[in-house]
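Note: the block below is my_file28.csv and it holds CSV, N, CA and C atoms.
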chain,number,residue,atom,x,y,z
F,1,GLY,N,3.8,3.7,15.8
F,1,GLY,CA,2.8,3.8,16.8
F,1,GLY,C,2.0,2.6,16.9
F,2,ILE,N,0.9,2.7,17.7
F,2,ILE,CA,0.0,1.5,17.9
F,2,ILE,C,-0.7,1.1,16.6
F,3,GLU,N,-1.0,2.1,15.8
F,3,GLU,CA,-1.7,1.7,14.5
F,3,GLU,C,-0.8,0.8,13.6
F,4,LEU,N,0.5,1.1,13.6
F,4,LEU,CA,1.4,0.3,12.8
F,4,LEU,C,1.5,-1.1,13.4
F,5,TYR,N,1.5,-1.2,14.7
F,5,TYR,CA,1.6,-2.5,15.4
F,5,TYR,C,0.4,-3.3,15.0
F,6,PHE,N,-0.8,-2.7,15.0
F,6,PHE,CA,-2.0,-3.5,14.6
F,6,PHE,C,-2.0,-3.8,13.1
F,7,ALA,N,-1.5,-3.0,12.3
F,7,ALA,CA,-1.5,-3.3,10.8
F,7,ALA,C,-0.5,-4.4,10.6
F,8,VAL,N,0.6,-4.4,11.2
F,8,VAL,CA,1.6,-5.5,11.0
F,8,VAL,C,1.0,-6.8,11.6
F,9,GLY,N,0.4,-6.7,12.7
F,9,GLY,CA,-0.3,-7.9,13.4
F,9,GLY,C,-1.3,-8.5,12.5
F,10,GLN,N,-2.1,-7.6,11.8
F,10,GLN,CA,-3.2,-8.2,10.9
F,10,GLN,C,-2.6,-8.9,9.7
F,11,VAL,N,-1.5,-8.4,9.2
F,11,VAL,CA,-0.8,-9.1,8.1
F,11,VAL,C,-0.2,-10.4,8.6
F,12,ARG,N,0.4,-10.4,9.8
F,12,ARG,CA,0.9,-11.6,10.3
F,12,ARG,C,-0.2,-12.7,10.5
F,13,ASP,N,-1.4,-12.2,11.0
F,13,ASP,CA,-2.5,-13.2,11.1
F,13,ASP,C,-2.8,-13.9,9.8
F,14,VAL,N,-2.7,-13.2,8.7
F,14,VAL,CA,-3.0,-13.8,7.4
F,14,VAL,C,-1.8,-14.6,6.9
F,15,THR,N,-0.6,-14.2,7.2
F,15,THR,CA,0.6,-14.9,6.6
F,15,THR,C,1.1,-16.1,7.4
F,16,ARG,N,0.5,-16.2,8.6
F,16,ARG,CA,1.0,-17.2,9.6
F,16,ARG,C,1.2,-18.6,9.0
F,17,ASP,N,0.2,-19.0,8.2
F,17,ASP,CA,0.3,-20.4,7.7
F,17,ASP,C,0.7,-20.5,6.3
F,18,LEU,N,1.3,-19.4,5.7
F,18,LEU,CA,1.8,-19.5,4.3
F,18,LEU,C,3.2,-19.9,4.2
F,19,ASN,N,3.6,-20.5,3.1
F,19,ASN,CA,5.0,-20.8,2.9
F,19,ASN,C,5.5,-19.6,2.0
F,20,GLU,N,6.8,-19.6,1.7
F,20,GLU,CA,7.4,-18.5,1.0
F,20,GLU,C,6.8,-18.3,-0.4
F,21,GLU,N,6.6,-19.4,-1.1
F,21,GLU,CA,6.0,-19.3,-2.4
F,21,GLU,C,4.6,-18.6,-2.4
F,22,GLN,N,3.8,-19.0,-1.4
F,22,GLN,CA,2.5,-18.4,-1.3
F,22,GLN,C,2.6,-16.9,-0.8
F,23,ALA,N,3.5,-16.6,0.1
F,23,ALA,CA,3.6,-15.3,0.6
F,23,ALA,C,4.1,-14.3,-0.5
F,24,ALA,N,4.9,-14.8,-1.4
F,24,ALA,CA,5.5,-14.0,-2.4
F,24,ALA,C,4.4,-13.5,-3.4
F,25,LYS,N,3.3,-14.1,-3.4
F,25,LYS,CA,2.2,-13.7,-4.3
F,25,LYS,C,1.2,-12.8,-3.7
F,26,LEU,N,1.4,-12.4,-2.4
F,26,LEU,CA,0.5,-11.5,-1.7
F,26,LEU,C,0.4,-10.1,-2.3
F,27,ILE,N,-0.8,-9.6,-2.2
F,27,ILE,CA,-1.0,-8.2,-2.4
F,27,ILE,C,-1.7,-7.7,-1.1
F,28,VAL,N,-1.0,-6.8,-0.4
F,28,VAL,CA,-1.5,-6.2,0.9
F,28,VAL,C,-2.1,-4.9,0.6
F,29,ALA,N,-3.3,-4.6,1.1
F,29,ALA,CA,-3.9,-3.3,1.0
F,29,ALA,C,-3.9,-2.7,2.4
F,30,TYR,N,-3.4,-1.5,2.6
F,30,TYR,CA,-3.4,-0.9,3.9
F,30,TYR,C,-4.2,0.4,3.8
F,31,GLU,N,-5.1,0.6,4.8
F,31,GLU,CA,-5.8,1.8,4.9
F,31,GLU,C,-5.9,2.1,6.4
F,32,PRO,N,-5.5,3.3,6.8
F,32,PRO,CA,-5.6,3.7,8.2
F,32,PRO,C,-7.1,3.7,8.6
F,33,VAL,N,-7.3,3.2,9.8
F,33,VAL,CA,-8.7,3.1,10.3
F,33,VAL,C,-9.4,4.4,10.3
F,34,TRP,N,-8.7,5.5,10.6
F,34,TRP,CA,-9.3,6.8,10.6
F,34,TRP,C,-9.6,7.4,9.3
F,35,ALA,N,-9.1,6.7,8.2
F,35,ALA,CA,-9.3,7.2,6.8
F,35,ALA,C,-10.5,6.6,6.2
F,36,ILE,N,-11.0,5.5,6.7
F,36,ILE,CA,-12.1,4.7,6.1
F,36,ILE,C,-13.4,5.5,6.0
F,37,GLY,N,-13.8,5.9,4.8
F,37,GLY,CA,-15.0,6.6,4.6
F,37,GLY,C,-15.1,8.0,5.1
F,38,THR,N,-13.9,8.6,5.4
F,38,THR,CA,-13.9,9.9,6.0
F,38,THR,C,-13.5,11.0,5.1
F,39,GLY,N,-12.8,10.6,3.9
F,39,GLY,CA,-12.3,11.6,3.0
F,39,GLY,C,-10.9,12.1,3.5
F,40,MET,N,-10.4,11.6,4.6
F,40,MET,CA,-9.1,12.0,5.1
F,40,MET,C,-8.0,11.1,4.5
F,41,VAL,N,-6.9,11.7,4.2
F,41,VAL,CA,-5.8,10.9,3.6
F,41,VAL,C,-4.6,11.0,4.4
F,42,ALA,N,-3.8,9.9,4.5
F,42,ALA,CA,-2.6,9.9,5.2
F,42,ALA,C,-1.6,10.8,4.5
F,43,THR,N,-0.6,11.3,5.2
F,43,THR,CA,0.5,12.0,4.5
F,43,THR,C,1.3,10.9,3.8
F,44,PRO,N,2.0,11.4,2.7
F,44,PRO,CA,2.9,10.4,2.0
F,44,PRO,C,3.8,9.7,3.0
F,45,GLN,N,4.4,10.4,4.0
F,45,GLN,CA,5.3,9.8,4.9
F,45,GLN,C,4.6,8.8,5.8
F,46,SER,N,3.4,9.0,6.2
F,46,SER,CA,2.7,8.0,7.1
F,46,SER,C,2.3,6.8,6.3
F,47,ALA,N,1.9,7.0,5.0
F,47,ALA,CA,1.6,5.9,4.1
F,47,ALA,C,2.9,5.0,3.9
F,48,GLN,N,4.0,5.7,3.7
F,48,GLN,CA,5.3,5.0,3.6
F,48,GLN,C,5.7,4.3,4.9
F,49,ASP,N,5.5,4.9,6.0
F,49,ASP,CA,5.9,4.3,7.3
F,49,ASP,C,5.1,3.0,7.5
F,50,ALA,N,3.8,3.0,7.1
F,50,ALA,CA,3.0,1.8,7.3
F,50,ALA,C,3.4,0.7,6.3
F,51,ALA,N,3.6,1.1,5.0
F,51,ALA,CA,4.0,0.1,4.0
F,51,ALA,C,5.4,-0.5,4.4
F,52,ASN,N,6.3,0.4,4.8
F,52,ASN,CA,7.6,-0.1,5.2
F,52,ASN,C,7.6,-1.0,6.4
F,53,ALA,N,6.7,-0.7,7.4
F,53,ALA,CA,6.6,-1.6,8.6
F,53,ALA,C,6.1,-3.0,8.2
F,54,ILE,N,5.1,-3.0,7.3
F,54,ILE,CA,4.6,-4.3,6.8
F,54,ILE,C,5.7,-5.0,6.0
F,55,ARG,N,6.4,-4.3,5.1
F,55,ARG,CA,7.4,-5.0,4.3
F,55,ARG,C,8.5,-5.5,5.1
F,56,ASN,N,8.9,-4.7,6.1
F,56,ASN,CA,10.0,-5.2,7.0
F,56,ASN,C,9.6,-6.4,7.8
F,57,ASP,N,8.4,-6.5,8.2
F,57,ASP,CA,7.9,-7.7,9.0
F,57,ASP,C,7.9,-8.9,8.0
F,58,LEU,N,7.5,-8.7,6.8
F,58,LEU,CA,7.5,-9.8,5.8
F,58,LEU,C,9.0,-10.2,5.6
F,59,LYS,N,9.9,-9.3,5.5
F,59,LYS,CA,11.3,-9.6,5.3
F,59,LYS,C,11.8,-10.4,6.5
F,60,THR,N,11.5,-10.1,7.7
F,60,THR,CA,11.9,-10.8,8.9
F,60,THR,C,11.4,-12.2,8.9
F,61,THR,N,10.1,-12.4,8.4
F,61,THR,CA,9.5,-13.7,8.4
F,61,THR,C,9.9,-14.6,7.2
F,62,PHE,N,9.9,-14.0,6.0
F,62,PHE,CA,10.1,-14.8,4.8
F,62,PHE,C,11.4,-14.5,4.0
F,63,GLY,N,12.1,-13.4,4.4
F,63,GLY,CA,13.3,-13.0,3.6
F,63,GLY,C,13.0,-11.9,2.6
F,64,THR,N,14.1,-11.4,2.1
F,64,THR,CA,14.1,-10.2,1.2
F,64,THR,C,13.4,-10.5,-0.1
F,65,LYS,N,13.7,-11.7,-0.7
F,65,LYS,CA,13.1,-12.0,-2.0
F,65,LYS,C,11.5,-12.0,-1.9
F,66,VAL,N,11.0,-12.5,-0.9
F,66,VAL,CA,9.5,-12.5,-0.7
F,66,VAL,C,9.0,-11.0,-0.4
F,67,SER,N,9.7,-10.3,0.5
F,67,SER,CA,9.2,-9.0,0.9
F,67,SER,C,9.3,-8.0,-0.3
F,68,ASP,N,10.3,-8.2,-1.2
F,68,ASP,CA,10.4,-7.4,-2.3
F,68,ASP,C,9.4,-7.7,-3.4
F,69,SER,N,8.8,-8.9,-3.4
F,69,SER,CA,7.9,-9.3,-4.4
F,69,SER,C,6.4,-9.0,-4.0
F,70,VAL,N,6.2,-8.8,-2.7
F,70,VAL,CA,4.8,-8.5,-2.2
F,70,VAL,C,4.5,-7.0,-2.7
F,71,ARG,N,3.3,-6.9,-3.2
F,71,ARG,CA,2.8,-5.5,-3.6
F,71,ARG,C,2.0,-5.0,-2.4
F,72,ILE,N,2.3,-3.8,-2.0
F,72,ILE,CA,1.6,-3.1,-0.9
F,72,ILE,C,0.9,-1.9,-1.5
F,73,LEU,N,-0.4,-1.9,-1.3
F,73,LEU,CA,-1.3,-0.9,-1.8
F,73,LEU,C,-1.7,0.0,-0.7
F,74,TYR,N,-1.9,1.3,-1.0
F,74,TYR,CA,-2.4,2.3,0.0
F,74,TYR,C,-3.8,2.6,-0.4
F,75,GLY,N,-4.7,2.6,0.6
F,75,GLY,CA,-6.1,3.0,0.4
F,75,GLY,C,-6.4,4.1,1.4
F,76,GLY,N,-7.3,4.9,1.1
F,76,GLY,CA,-7.7,6.0,2.0
F,76,GLY,C,-7.8,7.3,1.3
F,77,SER,N,-8.9,7.5,0.6
F,77,SER,CA,-9.1,8.8,0.0
F,77,SER,C,-8.0,9.2,-1.0
F,78,VAL,N,-7.6,8.2,-1.9
F,78,VAL,CA,-6.7,8.5,-2.9
F,78,VAL,C,-7.4,9.3,-4.0
F,79,THR,N,-6.8,10.4,-4.5
F,79,THR,CA,-7.3,11.2,-5.6
F,79,THR,C,-6.2,11.6,-6.5
F,80,SER,N,-6.5,12.2,-7.6
F,80,SER,CA,-5.5,12.6,-8.6
F,80,SER,C,-4.7,13.7,-7.9
F,81,LYS,N,-5.2,14.4,-6.9
F,81,LYS,CA,-4.4,15.4,-6.2
F,81,LYS,C,-3.3,14.9,-5.3
F,82,ASN,N,-3.5,13.7,-4.8
F,82,ASN,CA,-2.5,13.2,-3.9
F,82,ASN,C,-1.8,11.9,-4.4
F,83,ALA,N,-2.2,11.3,-5.5
F,83,ALA,CA,-1.7,10.1,-6.0
F,83,ALA,C,-0.2,10.1,-6.3
F,84,ALA,N,0.2,11.1,-7.0
F,84,ALA,CA,1.6,11.2,-7.4
F,84,ALA,C,2.6,11.2,-6.2
F,85,GLU,N,2.2,12.0,-5.1
F,85,GLU,CA,3.0,12.0,-3.9
F,85,GLU,C,3.0,10.7,-3.2
F,86,LEU,N,1.8,10.0,-3.1
F,86,LEU,CA,1.7,8.8,-2.4
F,86,LEU,C,2.5,7.7,-3.1
F,87,ILE,N,2.3,7.6,-4.5
F,87,ILE,CA,3.0,6.5,-5.2
F,87,ILE,C,4.5,6.7,-5.3
F,88,SER,N,5.0,7.9,-5.1
F,88,SER,CA,6.4,8.1,-5.1
F,88,SER,C,7.1,7.5,-3.9
F,89,GLN,N,6.4,7.1,-2.9
F,89,GLN,CA,7.0,6.5,-1.7
F,89,GLN,C,7.6,5.1,-2.1
F,90,PRO,N,8.8,4.8,-1.6
F,90,PRO,CA,9.4,3.6,-2.1
F,90,PRO,C,8.7,2.3,-1.8
F,91,ASP,N,7.9,2.2,-0.7
F,91,ASP,CA,7.2,1.0,-0.4
F,91,ASP,C,5.7,1.0,-0.7
F,92,VAL,N,5.2,2.1,-1.3
F,92,VAL,CA,3.8,2.1,-1.8
F,92,VAL,C,3.8,1.7,-3.3
F,93,ASP,N,3.3,0.5,-3.5
F,93,ASP,CA,3.3,0.0,-4.9
F,93,ASP,C,2.1,0.3,-5.7
F,94,GLY,N,1.0,0.7,-5.1
F,94,GLY,CA,-0.2,1.0,-5.9
F,94,GLY,C,-1.3,1.4,-4.9
F,95,PHE,N,-2.5,1.4,-5.4
F,95,PHE,CA,-3.6,1.9,-4.6
F,95,PHE,C,-4.8,1.0,-4.6
F,96,LEU,N,-5.6,1.1,-3.5
F,96,LEU,CA,-6.9,0.5,-3.3
F,96,LEU,C,-7.8,1.8,-3.3
F,97,ILE,N,-8.4,2.0,-4.5
F,97,ILE,CA,-9.2,3.3,-4.7
F,97,ILE,C,-10.6,3.1,-4.3
F,98,GLY,N,-11.1,4.0,-3.6
F,98,GLY,CA,-12.5,4.0,-3.2
F,98,GLY,C,-13.4,4.9,-4.0
F,99,GLY,N,-13.9,6.0,-3.4
F,99,GLY,CA,-14.9,6.8,-4.1
F,99,GLY,C,-14.4,7.4,-5.4
F,100,ALA,N,-13.1,7.7,-5.5
F,100,ALA,CA,-12.5,8.3,-6.8
F,100,ALA,C,-12.7,7.3,-8.0
F,101,ALA,N,-12.9,6.0,-7.7
F,101,ALA,CA,-13.1,5.1,-8.8
F,101,ALA,C,-14.5,5.2,-9.4
F,102,LEU,N,-15.4,5.9,-8.8
F,102,LEU,CA,-16.7,6.1,-9.3
F,102,LEU,C,-16.7,7.2,-10.4
F,103,ASP,N,-15.7,8.0,-10.5
F,103,ASP,CA,-15.6,9.0,-11.6
F,103,ASP,C,-14.5,8.5,-12.6
F,104,VAL,N,-14.9,8.2,-13.8
F,104,VAL,CA,-14.0,7.6,-14.8
F,104,VAL,C,-12.8,8.5,-15.1
F,105,GLU,N,-13.1,9.8,-15.2
F,105,GLU,CA,-11.9,10.7,-15.5
F,105,GLU,C,-10.9,10.8,-14.3
F,106,GLU,N,-11.5,10.8,-13.1
F,106,GLU,CA,-10.6,10.8,-11.9
F,106,GLU,C,-9.8,9.5,-11.8
F,107,LEU,N,-10.4,8.4,-12.1
F,107,LEU,CA,-9.8,7.1,-12.0
F,107,LEU,C,-8.7,7.1,-13.1
F,108,ALA,N,-9.0,7.5,-14.3
F,108,ALA,CA,-8.0,7.6,-15.4
F,108,ALA,C,-6.8,8.4,-15.0
F,109,LYS,N,-7.0,9.6,-14.4
F,109,LYS,CA,-5.9,10.5,-14.0
F,109,LYS,C,-5.0,9.7,-13.0
F,110,ILE,N,-5.7,9.1,-12.0
F,110,ILE,CA,-4.9,8.4,-11.0
F,110,ILE,C,-4.1,7.3,-11.6
F,111,ALA,N,-4.7,6.5,-12.5
F,111,ALA,CA,-4.0,5.5,-13.2
F,111,ALA,C,-2.8,6.0,-14.0
F,112,ARG,N,-3.0,7.1,-14.7
F,112,ARG,CA,-1.9,7.7,-15.5
F,112,ARG,C,-0.7,8.2,-14.5
F,113,LEU,N,-1.1,8.8,-13.4
F,113,LEU,CA,-0.1,9.3,-12.5
F,113,LEU,C,0.7,8.1,-11.9
F,114,ALA,N,0.0,7.0,-11.5
F,114,ALA,CA,0.7,5.9,-10.9
F,114,ALA,C,1.6,5.2,-12.0
F,115,LEU,N,1.1,5.0,-13.2
F,115,LEU,CA,1.9,4.4,-14.2
F,115,LEU,C,3.1,5.2,-14.5
F,116,LYS,N,3.0,6.5,-14.6
F,116,LYS,CA,4.2,7.4,-14.9
F,116,LYS,C,5.2,7.2,-13.8
F,117,SER,N,4.8,7.2,-12.5
F,117,SER,CA,5.7,7.1,-11.4
F,117,SER,C,6.3,5.8,-11.3
F,118,THR,N,5.6,4.7,-11.5
F,118,THR,CA,6.1,3.4,-11.3
F,118,THR,C,7.0,3.0,-12.5
F,119,LYS,N,6.8,3.6,-13.7
F,119,LYS,CA,7.7,3.3,-14.8
F,119,LYS,C,9.1,3.8,-14.5
F,120,SER,N,9.2,5.0,-13.8
F,120,SER,CA,10.5,5.6,-13.5
F,120,SER,C,11.2,4.8,-12.5
F,121,ARG,N,10.6,3.8,-11.8
F,121,ARG,CA,11.3,3.0,-10.8
F,121,ARG,C,12.1,1.9,-11.4
F,122,ASN,N,11.6,1.4,-12.5
F,122,ASN,CA,12.2,0.2,-13.1
F,122,ASN,C,13.3,0.5,-14.1

Could you express the structure from this file as structure tokens?
Amino acid sequence: GIELYFAVGQVRDVTRDLNEEQAAKLIVAYEPVWAIGTGMVATPQSAQDAANAIRNDLKTTFGTKVSDSVRILYGGSVTSKNAAELISQPDVDGFLIGGAALDVEELAKIARLALKSTKSRN
């Protein structure tokens, strides 16, 4: 949809002047506009769709080696209740954590869930 078009366009604005070596070091954080400060979270599938659209655009511009090395983080009301489902998506590599980071126990739970899930990928 239009939101993915804008997200990909914003990444393109940043990567326009980068070479492959620079682009390969990127960490992209994606948060839906409607999720910012609202407590609303994207479905795992919509987080995946956005991350995948960004990764595919990077692949078109810079090639597979670069697109595979770029880390794509999802932000938008990540909690220990939704972290495992979100991180299990193939193109979601990590999180940009907001309010949940203010609670040490909650942040630790999210970190453990993410670590457990990403270890099983490698």

**Prompt:** Just asking: which residues within stretch 19-85 of chain F are strand (DSSP E) according to DSSP, as a PyMOL selection string?
**Reply:** chain F and resi 27-30+71-75

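Near stretch 32-45 of chain F, within 7 Å and counting only N, CA and C atoms, sit Asp49, Ala50, Gly75, Gly76, Ser77, Val78, Glu85, Leu86 and Gln89 of chain F, not including residues fewer than 4 positions from it in the same chain.
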
**Asked** Between F:Glu105, F:Leu18, F:Ala84, F:Asp93, which is the closest to F:Val70 once you count all atoms listed in the file?
**Response**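 Looking at the shortest contact to F:Val70, the residue is F:Asp93.
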
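Counting from atom N of F:Arg71, the distance to atom N of F:Ala29 is 8.2 Å.
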
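Put simply, atom N of F:Pro90 is 18.4 Å away from atom N of F:Ile110.
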
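Distances to F:Ala114 were evaluated for F:Thr15, F:Ser88, F:Gln10, F:Asn56 using only N, CA and C atoms, and the minimum falls at F:Ser88.
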
**Complete:** The distance between atom CA of F:Thr61 and atom C of F:Val8 is 11.4 Å

**Prompt:** F:Tyr74: which residues within 7 Å, counting only C-alpha atoms, same-chain residues fewer than 4 positions away excluded, as number ranges by chain?
**Reply:** F: 29-31, 47, 92, 94-96

**Message:** Considering only helix (DSSP H, G or I) as DSSP defines it on the backbone, what residues of chain F qualify? List them as a count of residues only.
**Reply:** 71

**Asked** Between F:Asp68, F:Ile54, F:Arg12, F:Gly1, which is the closest to F:Ala24 once you count all atoms listed in the file?
**Response**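 Counting all atoms listed in the file, the residue closest to F:Ala24 is F:Asp68.
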
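Of the residues under consideration (F:Lys25, F:Asp57, F:Ile87, F:Lys119), F:Asp57 shows the shortest atom-to-atom contact distance to F:Val11 when counting only C-alpha atoms.
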